[in-house]
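Participant: structure_22.pdb (PDB, C-alpha atoms) pasted underneath:
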```pdb
ATOM      1  CA  MET C1466     -28.711   3.365  52.247
ATOM      2  CA  THR C1467     -27.367   6.829  51.465
ATOM      3  CA  LYS C1468     -25.908   7.903  48.163
ATOM      4  CA  GLN C1469     -22.501   8.264  49.775
ATOM      5  CA  GLN C1470     -22.465   4.554  50.564
ATOM      6  CA  LYS C1471     -22.948   3.469  46.972
ATOM      7  CA  ILE C1472     -20.022   2.348  44.834
ATOM      8  CA  GLY C1473     -19.545   3.455  41.254
ATOM      9  CA  VAL C1474     -18.498   0.974  38.580
ATOM     10  CA  ILE C1475     -17.227   1.849  35.109
ATOM     11  CA  LEU C1476     -16.993  -0.753  32.343
ATOM     12  CA  ALA C1477     -14.290   0.794  30.154
ATOM     13  CA  GLN C1478     -13.811   0.402  26.418
ATOM     14  CA  VAL C1479     -11.862   2.235  23.696
ATOM     15  CA  GLY C1480     -14.905   3.604  21.902
ATOM     16  CA  THR C1481     -16.869   3.772  18.674
ATOM     17  CA  PRO C1482     -18.116   6.605  16.422
ATOM     18  CA  GLU C1483     -21.612   7.997  16.888
ATOM     19  CA  ALA C1484     -22.546   7.255  13.273
ATOM     20  CA  PRO C1485     -21.126   5.296  10.300
ATOM     21  CA  THR C1486     -20.123   8.475   8.487
ATOM     22  CA  LYS C1487     -16.946  10.280   7.536
ATOM     23  CA  GLN C1488     -18.030  13.241   9.650
ATOM     24  CA  ALA C1489     -18.452  11.072  12.748
ATOM     25  CA  LEU C1490     -15.272   9.061  12.166
ATOM     26  CA  LYS C1491     -12.991  12.069  11.885
ATOM     27  CA  PRO C1492     -13.232  13.358  15.496
ATOM     28  CA  TYR C1493     -13.158   9.810  16.832
ATOM     29  CA  LEU C1494      -9.994   8.938  14.900
ATOM     30  CA  ARG C1495      -8.452  12.300  15.779
ATOM     31  CA  ALA C1496      -8.858  11.604  19.487
ATOM     32  CA  PHE C1497      -7.768   7.973  19.169
ATOM     33  CA  LEU C1498      -4.699   8.534  17.002
ATOM     34  CA  SER C1499      -3.593  11.651  18.905
ATOM     35  CA  ASP C1500      -3.116   9.644  22.084
ATOM     36  CA  GLU C1501       0.567   8.963  22.746
ATOM     37  CA  ARG C1502      -0.447   5.587  24.176
ATOM     38  CA  ILE C1503      -1.633   4.621  20.690
ATOM     39  CA  ILE C1504       0.992   6.330  18.529
ATOM     40  CA  ASP C1505       4.167   7.114  20.463
ATOM     41  CA  SER C1506       6.076   8.762  17.599
ATOM     42  CA  PRO C1507       7.392  12.286  18.304
ATOM     43  CA  ARG C1508       4.484  14.755  18.172
ATOM     44  CA  TRP C1509       6.287  17.080  15.764
ATOM     45  CA  MET C1510       6.588  14.225  13.282
ATOM     46  CA  TRP C1511       3.284  12.383  13.747
ATOM     47  CA  LEU C1512       0.679  15.146  14.141
ATOM     48  CA  PRO C1513       1.284  16.741  10.702
ATOM     49  CA  ILE C1514       0.930  13.293   9.114
ATOM     50  CA  LEU C1515      -2.223  12.611  11.108
ATOM     51  CA  HIS C1516      -3.956  15.846  10.117
ATOM     52  CA  ALA C1517      -2.661  16.229   6.551
ATOM     53  CA  ILE C1518      -2.907  12.612   5.401
ATOM     54  CA  VAL C1519      -4.547  10.100   7.758
ATOM     55  CA  LEU C1520      -7.582  12.196   8.726
ATOM     56  CA  GLN C1521      -8.122  13.174   5.101
ATOM     57  CA  ARG C1522      -8.223   9.610   3.775
ATOM     58  CA  ARG C1523      -8.992   7.074   6.494
ATOM     59  CA  PRO C1524     -12.385   8.277   7.862
ATOM     60  CA  ALA C1525     -14.243   7.721   4.574
ATOM     61  CA  LYS C1526     -12.783   4.236   4.186
ATOM     62  CA  ILE C1527     -13.576   3.135   7.730
ATOM     63  CA  ALA C1528     -17.041   4.687   7.563
ATOM     64  CA  LYS C1529     -17.909   2.245   4.773
ATOM     65  CA  HIS C1530     -16.849  -0.629   7.007
ATOM     66  CA  PHE C1531     -19.019   0.634   9.838
ATOM     67  CA  GLU C1532     -21.964   0.958   7.448
ATOM     68  CA  GLU C1533     -21.724  -2.773   6.765
ATOM     69  CA  ILE C1534     -22.001  -3.730  10.444
ATOM     70  CA  TRP C1535     -24.286  -0.964  11.751
ATOM     71  CA  THR C1536     -27.545  -2.236  13.238
ATOM     72  CA  ASP C1537     -30.943  -0.824  14.183
ATOM     73  CA  LYS C1538     -29.463  -0.257  17.639
ATOM     74  CA  GLY C1539     -26.477   1.591  16.201
ATOM     75  CA  SER C1540     -22.871   0.591  16.766
ATOM     76  CA  PRO C1541     -22.542  -3.074  17.831
ATOM     77  CA  LEU C1542     -19.881  -2.144  20.371
ATOM     78  CA  LEU C1543     -22.082   0.514  21.956
ATOM     79  CA  SER C1544     -25.304  -1.510  22.074
ATOM     80  CA  THR C1545     -23.588  -4.621  23.420
ATOM     81  CA  SER C1546     -21.567  -2.647  25.961
ATOM     82  CA  LEU C1547     -24.750  -1.028  27.266
ATOM     83  CA  ALA C1548     -26.334  -4.468  27.555
ATOM     84  CA  GLN C1549     -23.301  -5.624  29.548
ATOM     85  CA  VAL C1550     -23.681  -2.617  31.836
ATOM     86  CA  ASN C1551     -27.338  -3.469  32.433
ATOM     87  CA  GLY C1552     -26.506  -7.112  33.069
ATOM     88  CA  VAL C1553     -23.794  -6.302  35.595
ATOM     89  CA  GLN C1554     -26.031  -3.713  37.279
ATOM     90  CA  LYS C1555     -28.795  -6.274  37.797
ATOM     91  CA  ARG C1556     -26.351  -8.708  39.323
ATOM     92  CA  LEU C1557     -24.727  -6.202  41.673
ATOM     93  CA  GLY C1558     -27.904  -4.601  42.941
ATOM     94  CA  SER C1559     -28.647  -1.178  44.390
ATOM     95  CA  LYS C1560     -25.383  -0.796  46.302
ATOM     96  CA  PHE C1561     -23.615  -0.184  42.992
ATOM     97  CA  VAL C1562     -24.120   2.243  40.117
ATOM     98  CA  VAL C1563     -22.709   0.852  36.861
ATOM     99  CA  LYS C1564     -21.744   3.090  33.936
ATOM    100  CA  LEU C1565     -20.143   2.676  30.516
ATOM    101  CA  GLY C1566     -17.038   4.740  29.768
ATOM    102  CA  PHE C1567     -15.299   5.129  26.404
ATOM    103  CA  ALA C1568     -11.760   6.455  26.135
ATOM    104  CA  TYR C1569     -12.292   8.273  22.834
ATOM    105  CA  ALA C1570     -16.048   8.687  22.370
ATOM    106  CA  GLU C1571     -19.337   9.197  24.162
ATOM    107  CA  PRO C1572     -20.385   8.057  26.662
ATOM    108  CA  SER C1573     -16.891   9.085  27.750
ATOM    109  CA  MET C1574     -14.951   8.428  30.946
ATOM    110  CA  ASN C1575     -15.535  12.080  31.761
ATOM    111  CA  THR C1576     -19.305  11.673  31.358
ATOM    112  CA  ALA C1577     -19.334   8.517  33.486
ATOM    113  CA  MET C1578     -17.208  10.095  36.197
ATOM    114  CA  GLN C1579     -19.326  13.257  36.205
ATOM    115  CA  GLU C1580     -22.578  11.291  36.530
ATOM    116  CA  LEU C1581     -21.151   9.314  39.445
ATOM    117  CA  HIS C1582     -19.958  12.551  41.057
ATOM    118  CA  GLU C1583     -23.403  14.115  40.688
ATOM    119  CA  ALA C1584     -24.893  11.020  42.349
ATOM    120  CA  GLY C1585     -22.676  11.648  45.375
ATOM    121  CA  ILE C1586     -20.499   8.599  44.759
ATOM    122  CA  THR C1587     -16.970   8.859  46.144
ATOM    123  CA  ARG C1588     -15.658   5.344  45.479
ATOM    124  CA  VAL C1589     -15.227   4.010  41.956
ATOM    125  CA  ILE C1590     -14.132   0.646  40.545
ATOM    126  CA  THR C1591     -13.097   0.522  36.877
ATOM    127  CA  ILE C1592     -12.998  -2.621  34.756
ATOM    128  CA  PRO C1593     -10.946  -2.258  31.560
ATOM    129  CA  MET C1594     -12.786  -4.718  29.299
ATOM    130  CA  PHE C1595      -9.551  -6.127  27.900
ATOM    131  CA  PRO C1596      -8.374  -9.476  29.281
ATOM    132  CA  GLN C1597      -4.742  -8.807  28.342
ATOM    133  CA  TYR C1598      -2.869  -5.673  29.419
ATOM    134  CA  SER C1599      -1.485  -3.299  26.811
ATOM    135  CA  THR C1600      -0.360   0.295  26.984
ATOM    136  CA  THR C1601      -2.666   0.917  23.992
ATOM    137  CA  THR C1602      -5.814  -0.242  25.784
ATOM    138  CA  THR C1603      -5.598  -0.823  29.536
ATOM    139  CA  ALA C1604      -3.166   2.032  30.164
ATOM    140  CA  SER C1605      -5.270   4.366  27.999
ATOM    141  CA  VAL C1606      -8.202   3.629  30.299
ATOM    142  CA  TYR C1607      -6.046   4.298  33.360
ATOM    143  CA  ASP C1608      -5.045   7.672  31.911
ATOM    144  CA  GLU C1609      -8.600   8.727  31.144
ATOM    145  CA  ILE C1610      -9.995   7.665  34.503
ATOM    146  CA  MET C1611      -7.195   9.337  36.431
ATOM    147  CA  HIS C1612      -7.391  12.593  34.465
ATOM    148  CA  HIS C1613     -11.120  12.986  34.941
ATOM    149  CA  ALA C1614     -11.190  11.706  38.512
ATOM    150  CA  LEU C1615      -8.525  14.243  39.431
ATOM    151  CA  GLY C1616     -10.215  17.004  37.463
ATOM    152  CA  ARG C1617      -7.529  17.468  34.856
ATOM    153  CA  GLN C1618      -8.387  17.879  31.186
ATOM    154  CA  LYS C1619      -4.708  17.600  30.295
ATOM    155  CA  ARG C1620      -1.781  16.039  32.110
ATOM    156  CA  ARG C1621      -0.244  19.415  32.854
ATOM    157  CA  GLY C1622      -3.497  21.341  32.984
ATOM    158  CA  LYS C1623      -4.767  23.148  36.059
ATOM    159  CA  PRO C1624      -7.001  20.871  38.194
ATOM    160  CA  ILE C1625     -10.648  21.903  38.010
ATOM    161  CA  LYS C1626     -11.790  19.710  40.906
ATOM    162  CA  LYS C1627     -10.973  20.080  44.577
ATOM    163  CA  TYR C1628     -12.166  16.609  45.525
ATOM    164  CA  SER C1629     -11.432  13.290  43.829
ATOM    165  CA  PRO C1630     -12.994   9.872  44.460
ATOM    166  CA  ALA C1631     -11.170   6.830  45.750
ATOM    167  CA  LEU C1632     -10.259   4.615  42.792
ATOM    168  CA  ARG C1633      -9.732   0.895  42.290
ATOM    169  CA  PHE C1634      -9.002  -0.947  39.038
ATOM    170  CA  VAL C1635      -9.769  -4.549  38.164
ATOM    171  CA  GLU C1636      -6.491  -6.029  36.995
ATOM    172  CA  PRO C1637      -6.126  -7.798  33.612
ATOM    173  CA  PHE C1638      -7.768 -11.211  33.830
ATOM    174  CA  TYR C1639      -5.937 -12.996  31.009
ATOM    175  CA  ASP C1640      -4.807 -15.848  33.280
ATOM    176  CA  ASP C1641      -7.681 -15.971  35.768
ATOM    177  CA  PRO C1642      -8.873 -19.610  35.893
ATOM    178  CA  ALA C1643     -12.478 -18.457  36.364
ATOM    179  CA  TYR C1644     -12.272 -16.304  33.229
ATOM    180  CA  ILE C1645     -10.645 -19.096  31.221
ATOM    181  CA  ASP C1646     -13.481 -21.400  32.288
ATOM    182  CA  VAL C1647     -16.099 -18.900  31.081
ATOM    183  CA  LEU C1648     -14.295 -18.327  27.777
ATOM    184  CA  ALA C1649     -13.685 -22.027  27.130
ATOM    185  CA  ASN C1650     -17.292 -22.982  27.847
ATOM    186  CA  ASN C1651     -18.559 -20.187  25.601
ATOM    187  CA  ILE C1652     -16.324 -21.299  22.735
ATOM    188  CA  LYS C1653     -17.257 -24.932  23.227
ATOM    189  CA  GLN C1654     -20.978 -24.150  23.042
ATOM    190  CA  GLN C1655     -20.595 -22.005  19.929
ATOM    191  CA  ILE C1656     -18.516 -24.624  18.117
ATOM    192  CA  LYS C1657     -21.202 -27.238  18.839
ATOM    193  CA  LYS C1658     -23.708 -25.074  16.935
ATOM    194  CA  LEU C1659     -21.553 -24.706  13.806
ATOM    195  CA  ALA C1660     -22.807 -26.426  10.663
ATOM    196  CA  HIS C1661     -19.369 -27.989  10.140
ATOM    197  CA  ALA C1662     -16.452 -28.796  12.393
ATOM    198  CA  PRO C1663     -13.452 -26.521  11.702
ATOM    199  CA  ASP C1664     -10.273 -28.070  10.357
ATOM    200  CA  LYS C1665      -8.092 -25.169  11.544
ATOM    201  CA  ILE C1666      -8.629 -22.508  14.198
ATOM    202  CA  LEU C1667      -6.965 -19.090  14.212
ATOM    203  CA  LEU C1668      -6.808 -17.409  17.601
ATOM    204  CA  SER C1669      -6.534 -13.791  16.472
ATOM    205  CA  TYR C1670      -5.504 -11.065  18.915
ATOM    206  CA  HIS C1671      -5.327  -7.345  18.205
ATOM    207  CA  GLY C1672      -1.764  -6.444  17.288
ATOM    208  CA  ILE C1673       0.534  -3.726  18.621
ATOM    209  CA  PRO C1674       3.881  -2.418  17.317
ATOM    210  CA  LYS C1675       6.803  -4.663  18.198
ATOM    211  CA  SER C1676       8.671  -1.617  19.497
ATOM    212  CA  TYR C1677       6.115  -1.296  22.321
ATOM    213  CA  VAL C1678       6.966  -4.818  23.437
ATOM    214  CA  ASP C1679      10.684  -4.079  23.240
ATOM    215  CA  GLU C1680      10.019  -1.137  25.570
ATOM    216  CA  GLY C1681       8.216  -3.272  28.152
ATOM    217  CA  ASP C1682       4.595  -3.864  27.118
ATOM    218  CA  PRO C1683       3.722  -7.406  28.378
ATOM    219  CA  TYR C1684       0.841  -7.796  25.923
ATOM    220  CA  PRO C1685       2.156 -10.718  23.808
ATOM    221  CA  GLU C1686       3.102 -12.620  26.950
ATOM    222  CA  HIS C1687      -0.438 -12.175  28.222
ATOM    223  CA  CYS C1688      -1.889 -13.308  24.880
ATOM    224  CA  GLU C1689       0.331 -16.383  24.821
ATOM    225  CA  THR C1690      -0.697 -17.258  28.374
ATOM    226  CA  THR C1691      -4.394 -16.946  27.520
ATOM    227  CA  THR C1692      -3.881 -19.167  24.483
ATOM    228  CA  LYS C1693      -1.958 -21.765  26.458
ATOM    229  CA  LEU C1694      -4.573 -21.967  29.207
ATOM    230  CA  LEU C1695      -7.484 -21.905  26.776
ATOM    231  CA  VAL C1696      -6.295 -24.670  24.469
ATOM    232  CA  LYS C1697      -5.377 -26.798  27.475
ATOM    233  CA  LYS C1698      -8.876 -26.339  28.854
ATOM    234  CA  LEU C1699     -10.420 -27.208  25.485
ATOM    235  CA  GLY C1700      -8.052 -30.127  24.885
ATOM    236  CA  TRP C1701      -6.857 -28.886  21.487
ATOM    237  CA  LYS C1702      -3.720 -30.296  19.906
ATOM    238  CA  LYS C1703      -1.001 -28.059  18.441
ATOM    239  CA  ASP C1704      -1.971 -28.803  14.842
ATOM    240  CA  GLN C1705      -5.580 -27.714  15.452
ATOM    241  CA  TYR C1706      -4.898 -24.022  16.057
ATOM    242  CA  LYS C1707      -2.557 -21.118  15.379
ATOM    243  CA  MET C1708      -2.174 -17.840  17.250
ATOM    244  CA  THR C1709      -2.049 -14.663  15.121
ATOM    245  CA  TYR C1710      -2.281 -10.876  15.404
ATOM    246  CA  GLN C1711      -4.544  -8.557  13.416
ATOM    247  CA  SER C1712      -5.173  -4.837  12.760
ATOM    248  CA  ARG C1713      -1.696  -3.728  11.727
ATOM    249  CA  PHE C1714      -1.504   0.038  11.113
ATOM    250  CA  GLY C1715       1.337   1.885   9.384
ATOM    251  CA  ARG C1716       4.669   0.587   8.133
ATOM    252  CA  ALA C1717       6.316  -0.360  11.412
ATOM    253  CA  GLU C1718       6.768  -4.017  12.350
ATOM    254  CA  TRP C1719       3.944  -5.307  14.515
ATOM    255  CA  LEU C1720       3.508  -8.544  16.433
ATOM    256  CA  GLN C1721       3.532 -11.555  14.123
ATOM    257  CA  PRO C1722       2.297 -13.744  12.552
ATOM    258  CA  TYR C1723      -0.211 -11.396  10.900
ATOM    259  CA  THR C1724      -3.780 -12.692  10.637
ATOM    260  CA  GLN C1725      -4.185 -10.929   7.272
ATOM    261  CA  ILE C1726      -1.224 -12.831   5.828
ATOM    262  CA  GLU C1727      -2.166 -16.188   7.320
ATOM    263  CA  LEU C1728      -5.735 -16.163   5.961
ATOM    264  CA  PRO C1729      -4.871 -16.295   2.211
ATOM    265  CA  ASN C1730      -2.417 -19.117   2.893
ATOM    266  CA  LEU C1731      -4.951 -21.441   4.506
ATOM    267  CA  ALA C1732      -6.444 -22.804   1.275
ATOM    268  CA  SER C1733      -3.014 -23.776  -0.095
ATOM    269  CA  GLN C1734      -2.477 -25.713   3.134
ATOM    270  CA  GLY C1735      -5.594 -27.739   2.438
ATOM    271  CA  ILE C1736      -7.731 -25.966   5.045
ATOM    272  CA  LYS C1737     -11.347 -26.192   3.861
ATOM    273  CA  ARG C1738     -13.287 -24.848   6.861
ATOM    274  CA  PRO C1739     -11.237 -22.427   8.961
ATOM    275  CA  LEU C1740     -12.553 -20.816  12.125
ATOM    276  CA  ILE C1741     -11.449 -17.524  13.683
ATOM    277  CA  ILE C1742     -11.790 -16.782  17.390
ATOM    278  CA  ALA C1743     -10.814 -13.465  19.022
ATOM    279  CA  PRO C1744      -9.824 -14.160  22.674
ATOM    280  CA  GLY C1745      -8.500 -10.626  23.125
ATOM    281  CA  PHE C1746     -11.953  -9.075  22.723
ATOM    282  CA  THR C1747     -14.840  -9.392  25.166
ATOM    283  CA  THR C1748     -17.311  -7.403  23.048
ATOM    284  CA  ASP C1749     -17.951  -7.633  19.311
ATOM    285  CA  CYS C1750     -16.869  -4.565  17.370
ATOM    286  CA  LEU C1751     -15.499  -3.472  13.988
ATOM    287  CA  GLU C1752     -12.364  -5.563  14.438
ATOM    288  CA  THR C1753     -14.239  -8.798  15.113
ATOM    289  CA  ILE C1754     -17.315  -8.398  12.907
ATOM    290  CA  HIS C1755     -15.845  -6.692   9.857
ATOM    291  CA  GLU C1756     -12.106  -7.256   9.945
ATOM    292  CA  LEU C1757     -12.275 -10.928  10.887
ATOM    293  CA  GLY C1758     -15.689 -11.821   9.480
ATOM    294  CA  ILE C1759     -16.140  -9.862   6.260
ATOM    295  CA  GLU C1760     -12.563  -8.960   5.327
ATOM    296  CA  GLY C1761     -11.313 -12.271   6.673
ATOM    297  CA  ALA C1762     -13.592 -14.225   4.340
ATOM    298  CA  GLU C1763     -12.416 -12.120   1.395
ATOM    299  CA  LEU C1764      -8.773 -12.767   2.227
ATOM    300  CA  TYR C1765      -9.399 -16.497   2.571
ATOM    301  CA  ALA C1766     -11.085 -16.486  -0.838
ATOM    302  CA  GLU C1767      -8.161 -14.606  -2.376
ATOM    303  CA  GLY C1768      -5.981 -17.554  -1.462
ATOM    304  CA  GLY C1769      -8.319 -19.997  -3.207
ATOM    305  CA  GLY C1770     -10.692 -20.882  -0.403
ATOM    306  CA  THR C1771     -14.483 -20.745  -0.481
ATOM    307  CA  GLU C1772     -15.482 -17.431   1.102
ATOM    308  CA  LYS C1773     -18.604 -18.710   2.866
ATOM    309  CA  ASN C1774     -16.622 -21.520   4.487
ATOM    310  CA  LEU C1775     -14.709 -19.156   6.765
ATOM    311  CA  MET C1776     -16.392 -19.232  10.177
ATOM    312  CA  THR C1777     -16.122 -16.839  13.129
ATOM    313  CA  LEU C1778     -17.344 -17.001  16.701
ATOM    314  CA  LYS C1779     -18.964 -14.186  18.635
ATOM    315  CA  CYS C1780     -17.225 -12.610  21.602
ATOM    316  CA  LEU C1781     -18.493 -13.206  25.128
ATOM    317  CA  ASN C1782     -20.825 -10.224  24.794
ATOM    318  CA  GLU C1783     -23.908 -10.849  26.971
ATOM    319  CA  ASP C1784     -23.082 -14.419  27.962
ATOM    320  CA  PRO C1785     -24.741 -14.732  31.404
ATOM    321  CA  LYS C1786     -21.723 -16.519  32.840
ATOM    322  CA  PHE C1787     -19.450 -13.702  31.667
ATOM    323  CA  LEU C1788     -21.714 -11.107  33.278
ATOM    324  CA  ASP C1789     -21.667 -13.232  36.446
ATOM    325  CA  TYR C1790     -17.882 -13.212  36.277
ATOM    326  CA  LEU C1791     -17.701  -9.415  35.922
ATOM    327  CA  ALA C1792     -20.078  -8.900  38.837
ATOM    328  CA  LYS C1793     -18.024 -11.211  41.044
ATOM    329  CA  LYS C1794     -14.825  -9.352  40.128
ATOM    330  CA  VAL C1795     -16.421  -6.058  41.121
ATOM    331  CA  SER C1796     -17.710  -7.482  44.401
ATOM    332  CA  ALA C1797     -14.261  -8.823  45.228
ATOM    333  CA  HIS C1798     -12.620  -5.467  44.505
ATOM    334  CA  ALA C1799     -15.205  -3.683  46.632
ATOM    335  CA  GLY C1800     -13.990  -5.525  49.711
ATOM    336  CA  GLY C1801     -13.720  -3.182  52.692
ATOM    337  CA  TRP C1802     -15.947  -0.551  51.078
TER     338      TRP C1802
END
```
What do you get writing this file as structure tokens?
Facilitator:
Amino acid sequence: MTKQQKIGVILAQVGTPEAPTKQALKPYLRAFLSDERIIDSPRWMWLPILHAIVLQRRPAKIAKHFEEIWTDKGSPLLSTSLAQVNGVQKRLGSKFVVKLGFAYAEPSMNTAMQELHEAGITRVITIPMFPQYSTTTTASVYDEIMHHALGRQKRRGKPIKKYSPALRFVEPFYDDPAYIDVLANNIKQQIKKLAHAPDKILLSYHGIPKSYVDEGDPYPEHCETTTKLLVKKLGWKKDQYKMTYQSRFGRAEWLQPYTQIELPNLASQGIKRPLIIAPGFTTDCLETIHELGIEGAELYAEGGGTEKNLMTLKCLNEDPKFLDYLAKKVSAHAGGW
């Protein structure tokens, strides 16, 4: 089989800093928060705030959070994502070349696309690793892949490539019955291993500004659909769970209810052993490990609960059935190639 016959695959994520330091966080946050998909305020208004205030204060604070979750393998998101890449590669075999691509960090989409180009690959399938579509995640991946595939560093920049590969994208899988089966079975197995049965479950999704939804982002609809299908599959009753949104940034109104507000209220509602699940994430990262696990326990305790009683589940990560699912999605999208 010649190199030209192989198919490139990119597992796409937002990204993570190279180190848990202020110095490493600053360029990562600069790239992330400069993207108009993430912050769509007028550039003349937002960029001065970003550089004069946000990038002077936020990197040091977030670096401390990363320090608390950093492992011997480095960033949890990076190490787990690489393991997912290896798992999908093994399942797909030699016809495919699987790479990891971050939107705002290394290994970047540009690096992944360049490596595939150097390998003579002219057909590429990208999987945004977000079950639900959002302009802040899925569309950001689309932008990055398209820019680098077309050889443009900027949207209006002069193309630096004269040949671009054929591209296919795996669509959001928030309502795919096969994905819901994998997610439900994973959750069921993890709950069985808990020391105590939860008396309330928060299904926490990453939030986005409400204005984005008003302008057409279908994200909350996708989240609600995932929740509906998931709880039906698991047989949960309405009083067993609540759907919330986390990670609010800035003063604008975001999707509600807010996870950070719900957590302190649980104890007053008589909830002794709450559990948080993050169905909007496929790979554990700062938002799931620190924000939900560490900060979540602190918030629950602030409301009168026992900090150690707050439980969280891991994301799908390297679940073999999830890797099987990803490989099957790629194979299906490679039809005709």
Participant: Using only C-alpha atoms, find each residue of segment 1510-1612 of chain C with at least one atom at most 12 Å away from an atom of segment 1757-1761 of chain C; report its shortest atom-to-atom pair and that distance in Å (one decimal), sort the rows by chain and rising residue number, and return the result as JSON lines.
Facilitator:
```
{"residue": "C:His1530", "atom": "CA", "partner": "C:Ile1759", "partner_atom": "CA", "distance": 9.3}
{"residue": "C:Phe1531", "atom": "CA", "partner": "C:Ile1759", "partner_atom": "CA", "distance": 11.5}
{"residue": "C:Glu1533", "atom": "CA", "partner": "C:Ile1759", "partner_atom": "CA", "distance": 9.0}
{"residue": "C:Ile1534", "atom": "CA", "partner": "C:Ile1759", "partner_atom": "CA", "distance": 9.5}
```
Participant: I need the residue nearest Gly1473 of chain C from this list: C:Pro1541, C:Gly1585, C:Pro1624, C:Pro1485. Use only C-alpha atoms for the distance.
Facilitator: C:Gly1585
Participant: Between C:Leu1731, C:Leu1515, C:Ala1525, C:Ala1649, which has the minimum distance to Leu1699 of chain C (counting only C-alpha atoms)?
Facilitator: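 Of all the options, C:Ala1649 lies closest to Leu1699 of chain C.
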Participant: Given the file above and the PyMOL selection byres ((chain C and resi 1556-1568) around 6), which residues are selected, and can you give them as number ranges by chain?
Facilitator: C: 1471-1480, 1553-1555, 1569-1570, 1572-1574, 1577
Participant: Extract, using all atoms listed in the file, all DNA, RNA and protein residues at most 9 Å from Ala1717 of chain C, discarding same-chain residues fewer than 3 positions from it, and format them as a PyMOL selection string.
Facilitator: chain C and resi 1674-1676+1713-1714
Participant: Report the centre and edge lengths, in Å to one decimal, of an axis-aligned box enclosing every atom of segment 1640-1647 of chain C listed in the file, padded by 3 Å on each side, as AutoDock Vina command-line options.
Facilitator:
```
--center_x -10.5 --center_y -18.6 --center_z 33.7 --size_x 17.3 --size_y 11.6 --size_z 11.3
```
Participant: So how far away is atom CA of Leu1490 of chain C from atom CA of Pro1524 of chain C, in Å?
Facilitator: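 Taking atom CA of Pro1524 of chain C as the start and atom CA of Leu1490 of chain C as the end point, the length is 5.2 Å.
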Participant: Would you translate the PyMOL selection byres ((chain C and resi 1738-1750) around 8) into the concrete set of residues it matches in this file, as a ChimeraX atom specification?
Facilitator: /C:1540-1542,1545-1546,1594-1597,1648,1661-1671,1688,1691-1692,1731,1736-1737,1751-1755,1757,1774-1782
Participant: For the contact check between segment 1756-1788 of chain C and segment 1639-1644 of chain C, emit one row per residue of segment 1756-1788 of chain C within 12 Å, containing the shortest atom pair and the distance in Å rounded to one decimal, counting all atoms listed in the file, chain then rising number order, as CSV.
Facilitator:
```
residue,atom,partner,partner_atom,distance
C:Leu1781,CA,C:Tyr1644,CA,10.7
C:Lys1786,CA,C:Tyr1644,CA,9.5
C:Phe1787,CA,C:Tyr1644,CA,7.8
C:Leu1788,CA,C:Tyr1644,CA,10.8
```
